[in-house]
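> As input, take data_4.pdb (PDB, C-alpha atoms):
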ATOM      1  CA  MET I 798     -12.477 -38.723  39.367
ATOM      2  CA  ASN I 799     -10.828 -39.949  36.146
ATOM      3  CA  SER I 800      -7.500 -41.657  36.227
ATOM      4  CA  ASP I 801      -5.044 -42.847  33.594
ATOM      5  CA  ASN I 802      -3.945 -45.638  35.886
ATOM      6  CA  ASP I 803      -5.986 -48.816  35.250
ATOM      7  CA  LEU I 804      -4.575 -50.393  38.395
ATOM      8  CA  GLN I 805      -6.520 -47.896  40.462
ATOM      9  CA  ILE I 806      -9.691 -49.206  38.838
ATOM     10  CA  ALA I 807      -8.938 -52.929  38.474
ATOM     11  CA  GLY I 808      -6.428 -53.408  41.231
ATOM     12  CA  ASP I 809      -3.418 -55.685  40.947
ATOM     13  CA  LEU I 810      -4.485 -58.868  39.110
ATOM     14  CA  LEU I 811      -1.871 -60.856  40.995
ATOM     15  CA  GLU I 812      -3.713 -59.979  44.192
ATOM     16  CA  VAL I 813      -6.973 -61.387  42.826
ATOM     17  CA  PRO I 814      -6.260 -65.106  42.279
ATOM     18  CA  HIS I 815      -9.807 -65.890  41.155
ATOM     19  CA  LEU I 816      -9.231 -63.730  38.039
ATOM     20  CA  LEU I 817      -6.148 -65.658  36.945
ATOM     21  CA  GLN I 818      -6.598 -68.675  34.683
ATOM     22  CA  ALA I 819      -4.857 -71.822  35.774
ATOM     23  CA  PRO I 820      -2.257 -72.964  33.244
ATOM     24  CA  ARG I 821      -3.582 -75.707  30.964
ATOM     25  CA  GLU I 822      -1.838 -79.040  30.738
ATOM     26  CA  HIS I 823      -2.829 -79.387  27.055
ATOM     27  CA  PRO I 824      -3.512 -76.831  24.313
ATOM     28  CA  ALA I 825      -7.120 -75.855  23.698
ATOM     29  CA  THR I 826      -6.978 -72.858  21.323
ATOM     30  CA  VAL I 827      -5.449 -72.338  17.882
ATOM     31  CA  ALA I 828      -2.812 -70.068  19.421
ATOM     32  CA  GLU I 829      -1.908 -72.737  21.964
ATOM     33  CA  PHE I 830      -1.577 -75.401  19.231
ATOM     34  CA  VAL I 831       0.680 -73.043  17.265
ATOM     35  CA  GLY I 832       2.685 -72.497  20.457
ATOM     36  CA  LEU I 833       2.956 -76.259  21.007
ATOM     37  CA  ALA I 834       4.311 -76.720  17.477
ATOM     38  CA  ARG I 835       6.793 -73.875  17.962
ATOM     39  CA  SER I 836       8.037 -75.250  21.267
ATOM     40  CA  ILE I 837       8.583 -78.728  19.808
ATOM     41  CA  ALA I 838      10.303 -77.222  16.756
ATOM     42  CA  ALA I 839      12.635 -75.208  18.971
ATOM     43  CA  ASP I 840      13.707 -78.250  20.986
ATOM     44  CA  ARG I 841      15.453 -80.450  18.417
ATOM     45  CA  SER I 842      16.238 -83.022  21.130
ATOM     46  CA  GLN I 843      12.524 -83.982  21.086
ATOM     47  CA  TRP I 844      12.498 -85.013  17.441
ATOM     48  CA  GLU I 845      15.813 -84.909  15.578
ATOM     49  CA  HIS I 846      17.002 -88.383  16.684
ATOM     50  CA  LEU I 847      13.716 -89.938  15.485
ATOM     51  CA  VAL I 848      13.847 -88.728  11.875
ATOM     52  CA  GLU I 849      14.320 -91.341   9.169
ATOM     53  CA  TYR I 850      14.318 -90.935   5.403
ATOM     54  CA  ASP I 851      12.598 -93.454   3.145
ATOM     55  CA  ALA I 852      13.139 -93.270  -0.618
ATOM     56  CA  THR I 853       9.987 -95.289  -1.360
ATOM     57  CA  SER I 854       7.393 -93.389   0.688
ATOM     58  CA  ARG I 855       7.045 -90.497   3.077
ATOM     59  CA  TRP I 856       8.170 -91.495   6.549
ATOM     60  CA  TYR I 857       6.024 -90.489   9.523
ATOM     61  CA  HIS I 858       6.030 -90.980  13.275
ATOM     62  CA  ARG I 859       3.389 -90.025  15.839
ATOM     63  CA  LEU I 860       5.375 -87.915  18.268
ATOM     64  CA  ARG I 861       2.742 -87.089  20.863
ATOM     65  CA  THR I 862      -0.946 -87.327  21.657
ATOM     66  CA  GLY I 863      -3.151 -85.475  24.050
ATOM     67  CA  PRO I 864      -6.853 -85.102  24.675
ATOM     68  CA  GLY I 865      -8.256 -84.525  21.200
ATOM     69  CA  TYR I 866      -5.001 -83.918  19.315
ATOM     70  CA  GLU I 867      -2.017 -85.655  17.724
ATOM     71  CA  VAL I 868       1.463 -84.455  16.804
ATOM     72  CA  TRP I 869       3.157 -86.111  13.807
ATOM     73  CA  LEU I 870       6.731 -85.896  12.524
ATOM     74  CA  LEU I 871       7.212 -86.418   8.763
ATOM     75  CA  SER I 872      10.237 -86.585   6.505
ATOM     76  CA  TRP I 873      10.247 -85.849   2.785
ATOM     77  CA  VAL I 874      13.036 -86.785   0.387
ATOM     78  CA  PRO I 875      13.233 -84.791  -2.868
ATOM     79  CA  GLY I 876      10.250 -85.485  -5.094
ATOM     80  CA  GLN I 877       7.965 -86.888  -2.397
ATOM     81  CA  GLY I 878       4.539 -85.346  -1.947
ATOM     82  CA  SER I 879       1.243 -85.825  -0.185
ATOM     83  CA  GLY I 880      -1.088 -85.674  -3.158
ATOM     84  CA  LEU I 881      -4.018 -83.263  -3.165
ATOM     85  CA  HIS I 882      -5.996 -83.879   0.045
ATOM     86  CA  ASP I 883      -7.866 -82.441   2.991
ATOM     87  CA  HIS I 884      -7.914 -83.535   6.637
ATOM     88  CA  GLY I 885     -11.574 -84.370   7.099
ATOM     89  CA  LEU I 886     -12.926 -82.836  10.292
ATOM     90  CA  SER I 887      -9.475 -81.982  11.648
ATOM     91  CA  SER I 888      -7.858 -78.566  11.807
ATOM     92  CA  GLY I 889      -4.099 -78.403  11.780
ATOM     93  CA  VAL I 890      -0.799 -76.640  12.155
ATOM     94  CA  LEU I 891       2.008 -77.514   9.731
ATOM     95  CA  THR I 892       5.521 -76.423  10.737
ATOM     96  CA  VAL I 893       8.590 -76.935   8.550
ATOM     97  CA  LEU I 894      11.474 -78.022  10.779
ATOM     98  CA  ASP I 895      14.243 -78.561   8.199
ATOM     99  CA  GLY I 896      14.539 -78.003   4.472
ATOM    100  CA  GLU I 897      11.863 -76.537   2.244
ATOM    101  CA  LEU I 898       8.447 -77.733   1.145
ATOM    102  CA  THR I 899       6.040 -76.432  -1.483
ATOM    103  CA  GLU I 900       2.330 -76.083  -0.748
ATOM    104  CA  ARG I 901      -0.099 -76.018  -3.659
ATOM    105  CA  THR I 902      -3.729 -74.932  -3.349
ATOM    106  CA  GLU I 903      -6.350 -73.682  -5.766
ATOM    107  CA  ARG I 904      -5.078 -70.188  -4.894
ATOM    108  CA  GLY I 905      -1.502 -70.838  -5.957
ATOM    109  CA  THR I 906       1.862 -72.153  -4.833
ATOM    110  CA  ARG I 907       3.795 -71.191  -1.722
ATOM    111  CA  ALA I 908       7.350 -72.054  -0.601
ATOM    112  CA  LEU I 909       7.550 -73.094   3.050
ATOM    113  CA  ARG I 910      11.056 -72.798   4.482
ATOM    114  CA  ALA I 911      12.308 -74.022   7.850
ATOM    115  CA  GLY I 912      10.433 -72.100  10.544
ATOM    116  CA  SER I 913       7.337 -71.499   8.388
ATOM    117  CA  GLN I 914       3.974 -72.403   9.845
ATOM    118  CA  ARG I 915       0.555 -72.851   8.241
ATOM    119  CA  VAL I 916      -2.715 -73.110  10.120
ATOM    120  CA  PHE I 917      -5.744 -74.609   8.402
ATOM    121  CA  ALA I 918      -9.360 -75.454   9.185
ATOM    122  CA  PRO I 919     -11.390 -78.553   8.291
ATOM    123  CA  GLY I 920     -12.010 -78.918   4.568
ATOM    124  CA  TYR I 921      -8.815 -77.090   3.510
ATOM    125  CA  VAL I 922      -7.551 -78.765   0.319
ATOM    126  CA  HIS I 923      -3.836 -78.681  -0.423
ATOM    127  CA  GLU I 924      -0.856 -80.655  -1.649
ATOM    128  CA  VAL I 925       2.564 -80.569   0.007
ATOM    129  CA  VAL I 926       5.643 -81.564  -2.000
ATOM    130  CA  ASN I 927       9.404 -81.517  -1.548
ATOM    131  CA  ASP I 928      10.469 -79.791  -4.785
ATOM    132  CA  ALA I 929      13.925 -79.031  -3.365
ATOM    133  CA  LEU I 930      17.138 -81.011  -3.821
ATOM    134  CA  GLU I 931      17.554 -81.674  -0.077
ATOM    135  CA  PRO I 932      15.368 -83.672   2.339
ATOM    136  CA  ALA I 933      12.848 -81.851   4.505
ATOM    137  CA  VAL I 934      11.243 -82.514   7.899
ATOM    138  CA  SER I 935       7.872 -81.204   9.062
ATOM    139  CA  LEU I 936       5.730 -81.296  12.179
ATOM    140  CA  HIS I 937       1.935 -81.608  11.982
ATOM    141  CA  VAL I 938      -0.519 -80.986  14.810
ATOM    142  CA  TYR I 939      -4.092 -82.168  14.145
ATOM    143  CA  TYR I 940      -7.081 -81.392  16.329
ATOM    144  CA  PRO I 941      -9.145 -83.391  16.679
ATOM    145  CA  GLY I 942      -6.751 -86.215  15.888
ATOM    146  CA  LEU I 943      -6.549 -87.154  12.210
ATOM    147  CA  THR I 944      -9.071 -89.866  11.334
ATOM    148  CA  GLU I 945      -9.278 -89.360   7.588
ATOM    149  CA  MET I 946      -7.359 -87.769   4.736
ATOM    150  CA  PRO I 947      -9.633 -87.723   1.681
ATOM    151  CA  MET I 948      -7.711 -87.476  -1.584
ATOM    152  CA  HIS I 949      -8.804 -85.106  -4.367
ATOM    153  CA  THR I 950      -8.070 -84.726  -8.044
ATOM    154  CA  ALA I 951      -7.236 -81.383  -9.571
ATOM    155  CA  CYS I 952     -10.598 -81.400 -11.369
ATOM    156  CA  THR I 953     -12.742 -82.093  -8.297
ATOM    157  CA  ALA I 954     -10.921 -80.149  -5.594
ATOM    158  CA  ALA I 955     -13.564 -78.098  -3.837
ATOM    159  CA  PRO I 956     -12.653 -74.714  -2.399
ATOM    160  CA  ALA I 957     -11.836 -74.801   1.279
ATOM    161  CA  THR I 958     -14.789 -74.229   3.557
ATOM    162  CA  TYR I 959     -12.680 -71.866   5.650
ATOM    163  CA  ASP I 960      -9.682 -69.820   4.652
ATOM    164  CA  GLU I 961      -6.279 -70.898   5.809
ATOM    165  CA  VAL I 962      -4.311 -68.639   8.107
ATOM    166  CA  ASP I 963      -0.664 -67.734   7.717
ATOM    167  CA  VAL I 964       1.362 -67.681  10.871
ATOM    168  CA  VAL I 965       4.130 -65.121  10.821
ATOM    169  CA  THR I 966       7.389 -66.474  12.139
ATOM    170  CA  ALA I 967      10.387 -64.567  13.368
TER     171      ALA I 967
END
As structure tokens, what does this structure read like?


Amino acid sequence: MNSDNDLQIAGDLLEVPHLLQAPREHPATVAEFVGLARSIAADRSQWEHLVEYDATSRWYHRLRTGPGYEVWLLSWVPGQGSGLHDHGLSSGVLTVLDGELTERTERGTRALRAGSQRVFAPGYVHEVVNDALEPAVSLHVYYPGLTEMPMHTACTAAPATYDEVDVVTA
């Protein structure tokens, strides 16, 4: 007998505890790292009081660590940039918390406004710059934790091994 009701076939999942996954204490998937960044971004009390602005260099603060990942808070005054670089063996999630940043890659230039997120894999080469007239703040999640940040020149920048992924924000 065919039925349109999946519950008749599978039963109520809440009644089958062995099928439910226990909640994880730390993120383990790309989606969970994106969710971690979004939850920190949404709770300004976790980061806003820590932000400092330094006219001589980008300011940064390690906000959190967990098994295999790090969360960094960065501030950018107008004109400051990262230089063209990759993140070694680390993947990452970049979230703009305040202001606007510009990301440059071999594929072009993209404006990242507050709430924007970028997800990238190891080997992704980019430059992030504050081209705006106001300071900006960003959150960076690296997994595994960032151990290197090789710099590139425009002439020697190799294409990314993996494509970056845009994260659509509401």

> Can you pull out every residue within 8 Å of Gly878 in chain I, counting only C-alpha atoms, but drop anything in the same chain fewer than 5 positions away, and send it as a list in words?

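Residues near the query, excluding close chain neighbours: Arg855, Trp873, Glu924, Val925, Val926 and Asn927 of chain I.
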
> Identify which of the residues I:Ile837, I:Leu909, I:Val827, I:Val934 lies closest to Tyr850 in chain I, counting only C-alpha atoms when measuring atom-to-atom distances.

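The closest residue to Tyr850 in chain I is I:Val934.
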
> Considering only C-alpha atoms, state which residue in the set I:Thr902, I:Ser888, I:Gln914, I:Ser872 is at the smallest distance from Gly942 in chain I.

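Residue with the minimum atom-to-atom distance to Gly942 in chain I: I:Ser888.
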
> Which residue is closest to Ser935 in chain I? Choose from I:Thr826, I:Gln843, I:Thr892, I:Thr862 and count only C-alpha atoms.

I:Thr892

> One decimal, in Å: what's the spacing between CA of Leu860 in chain I and CA of Val922 in chain I?

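Those two atoms sit 23.9 Å apart.
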
> Residues near Pro919 in chain I, anyone? I mean within 7 Å using all atoms listed in the file, not counting same-chain ones fewer than 2 positions away, as a PDB file with C-alpha atoms, keeping the file's coordinate frame.


ATOM      1  CA  HIS I 884      -7.914 -83.535   6.637  1.00  0.00           C
ATOM      2  CA  GLY I 885     -11.574 -84.370   7.099  1.00  0.00           C
ATOM      3  CA  LEU I 886     -12.926 -82.836  10.292  1.00  0.00           C
ATOM      4  CA  SER I 887      -9.475 -81.982  11.648  1.00  0.00           C
ATOM      5  CA  SER I 888      -7.858 -78.566  11.807  1.00  0.00           C
ATOM      6  CA  PHE I 917      -5.744 -74.609   8.402  1.00  0.00           C
ATOM      7  CA  TYR I 921      -8.815 -77.090   3.510  1.00  0.00           C
TER       8      TYR I 921
END

> Excluding Glu845 in chain I and any residue of its chain fewer than 6 positions from it, enumerate the residues within 10 Å of it, using only C-alpha atoms, and give them as a PyMOL selection string.

chain I and resi 838+870+894-895+934

> If I take CA of Gly920 in chain I and CA of Met946 in chain I, how far is one from the other in Å, to one decimal?

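Separation between CA of Gly920 in chain I and CA of Met946 in chain I: 10.0 Å.
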
> So, counting all atoms listed in the file, which residue among I:Arg835, I:Arg841, I:His858, I:His949 is closest to Gly912 in chain I?

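Counting all atoms listed in the file, the residue closest to Gly912 in chain I is I:Arg835.
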
> Using only C-alpha atoms, pick whichever of I:Ala911, I:Leu898, I:Ala929, I:Leu891 has the shortest atom-to-atom distance to Pro875 in chain I.

I:Ala929

> Between CA of Leu943 in chain I and CA of Phe830 in chain I, what is the spacing in Å?

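That distance, rounded to one decimal, is 14.6 Å.
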
> Give the answer as one residue: which of I:Val893, I:Glu900, I:Gly863, I:Arg821 has the shortest atom-to-atom distance to His923 in chain I, using only C-alpha atoms?

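Answer, going by the shortest atom-to-atom distance: I:Glu900.
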
> Within 9 Å of (1.9, -80.5, 13.7), in the coordinates the file gives, what residues turn up when you count all atoms listed in the file, written out as a PDB file with C-alpha atoms, in the coordinates of the input?


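As written to disk, part_22.pdb reads:
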ATOM      1  CA  PHE I 830      -1.577 -75.401  19.231  1.00  0.00           C
ATOM      2  CA  VAL I 831       0.680 -73.043  17.265  1.00  0.00           C
ATOM      3  CA  LEU I 833       2.956 -76.259  21.007  1.00  0.00           C
ATOM      4  CA  ALA I 834       4.311 -76.720  17.477  1.00  0.00           C
ATOM      5  CA  GLU I 867      -2.017 -85.655  17.724  1.00  0.00           C
ATOM      6  CA  VAL I 868       1.463 -84.455  16.804  1.00  0.00           C
ATOM      7  CA  TRP I 869       3.157 -86.111  13.807  1.00  0.00           C
ATOM      8  CA  LEU I 870       6.731 -85.896  12.524  1.00  0.00           C
ATOM      9  CA  GLY I 889      -4.099 -78.403  11.780  1.00  0.00           C
ATOM     10  CA  VAL I 890      -0.799 -76.640  12.155  1.00  0.00           C
ATOM     11  CA  LEU I 891       2.008 -77.514   9.731  1.00  0.00           C
ATOM     12  CA  THR I 892       5.521 -76.423  10.737  1.00  0.00           C
ATOM     13  CA  SER I 935       7.872 -81.204   9.062  1.00  0.00           C
ATOM     14  CA  LEU I 936       5.730 -81.296  12.179  1.00  0.00           C
ATOM     15  CA  HIS I 937       1.935 -81.608  11.982  1.00  0.00           C
ATOM     16  CA  VAL I 938      -0.519 -80.986  14.810  1.00  0.00           C
ATOM     17  CA  TYR I 939      -4.092 -82.168  14.145  1.00  0.00           C
TER      18      TYR I 939
END

> Reconstruct range 891-907 of chain I at the level of N, CA and C atoms, and format the result as a compact mmCIF listing (two decimals), in the coordinates of the input.


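Output (out_14.txt):
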# COMPACT_ATOMS: atom_id res chain seq x y z
N LEU I 891 0.86 -76.91 10.41
CA LEU I 891 2.01 -77.51 9.73
C LEU I 891 3.20 -76.61 9.98
N THR I 892 4.30 -77.18 10.46
CA THR I 892 5.52 -76.42 10.74
C THR I 892 6.67 -77.11 10.03
N VAL I 893 7.41 -76.37 9.21
CA VAL I 893 8.59 -76.94 8.55
C VAL I 893 9.76 -76.82 9.52
N LEU I 894 10.36 -77.97 9.82
CA LEU I 894 11.47 -78.02 10.78
C LEU I 894 12.82 -77.89 10.09
N ASP I 895 12.99 -78.59 8.98
CA ASP I 895 14.24 -78.56 8.20
C ASP I 895 13.90 -78.59 6.73
N GLY I 896 14.73 -77.96 5.92
CA GLY I 896 14.54 -78.00 4.47
C GLY I 896 13.46 -77.05 4.00
N GLU I 897 12.88 -77.38 2.85
CA GLU I 897 11.86 -76.54 2.24
C GLU I 897 10.82 -77.41 1.59
N LEU I 898 9.56 -77.05 1.78
CA LEU I 898 8.45 -77.73 1.14
C LEU I 898 7.66 -76.74 0.30
N THR I 899 6.91 -77.26 -0.65
CA THR I 899 6.04 -76.43 -1.48
C THR I 899 4.61 -76.83 -1.19
N GLU I 900 3.75 -75.83 -0.94
CA GLU I 900 2.33 -76.08 -0.75
C GLU I 900 1.58 -75.55 -1.96
N ARG I 901 0.72 -76.40 -2.52
CA ARG I 901 -0.10 -76.02 -3.66
C ARG I 901 -1.57 -76.07 -3.26
N THR I 902 -2.29 -75.00 -3.58
CA THR I 902 -3.73 -74.93 -3.35
C THR I 902 -4.36 -74.37 -4.61
N GLU I 903 -5.68 -74.29 -4.61
CA GLU I 903 -6.35 -73.68 -5.77
C GLU I 903 -5.98 -72.21 -5.91
N ARG I 904 -5.46 -71.61 -4.86
CA ARG I 904 -5.08 -70.19 -4.89
C ARG I 904 -3.66 -69.96 -5.38
N GLY I 905 -2.87 -71.03 -5.49
CA GLY I 905 -1.50 -70.84 -5.96
C GLY I 905 -0.51 -71.71 -5.22
N THR I 906 0.76 -71.38 -5.38
CA THR I 906 1.86 -72.15 -4.83
C THR I 906 2.63 -71.29 -3.84
N ARG I 907 3.08 -71.92 -2.76
CA ARG I 907 3.80 -71.19 -1.72
C ARG I 907 4.98 -72.02 -1.25
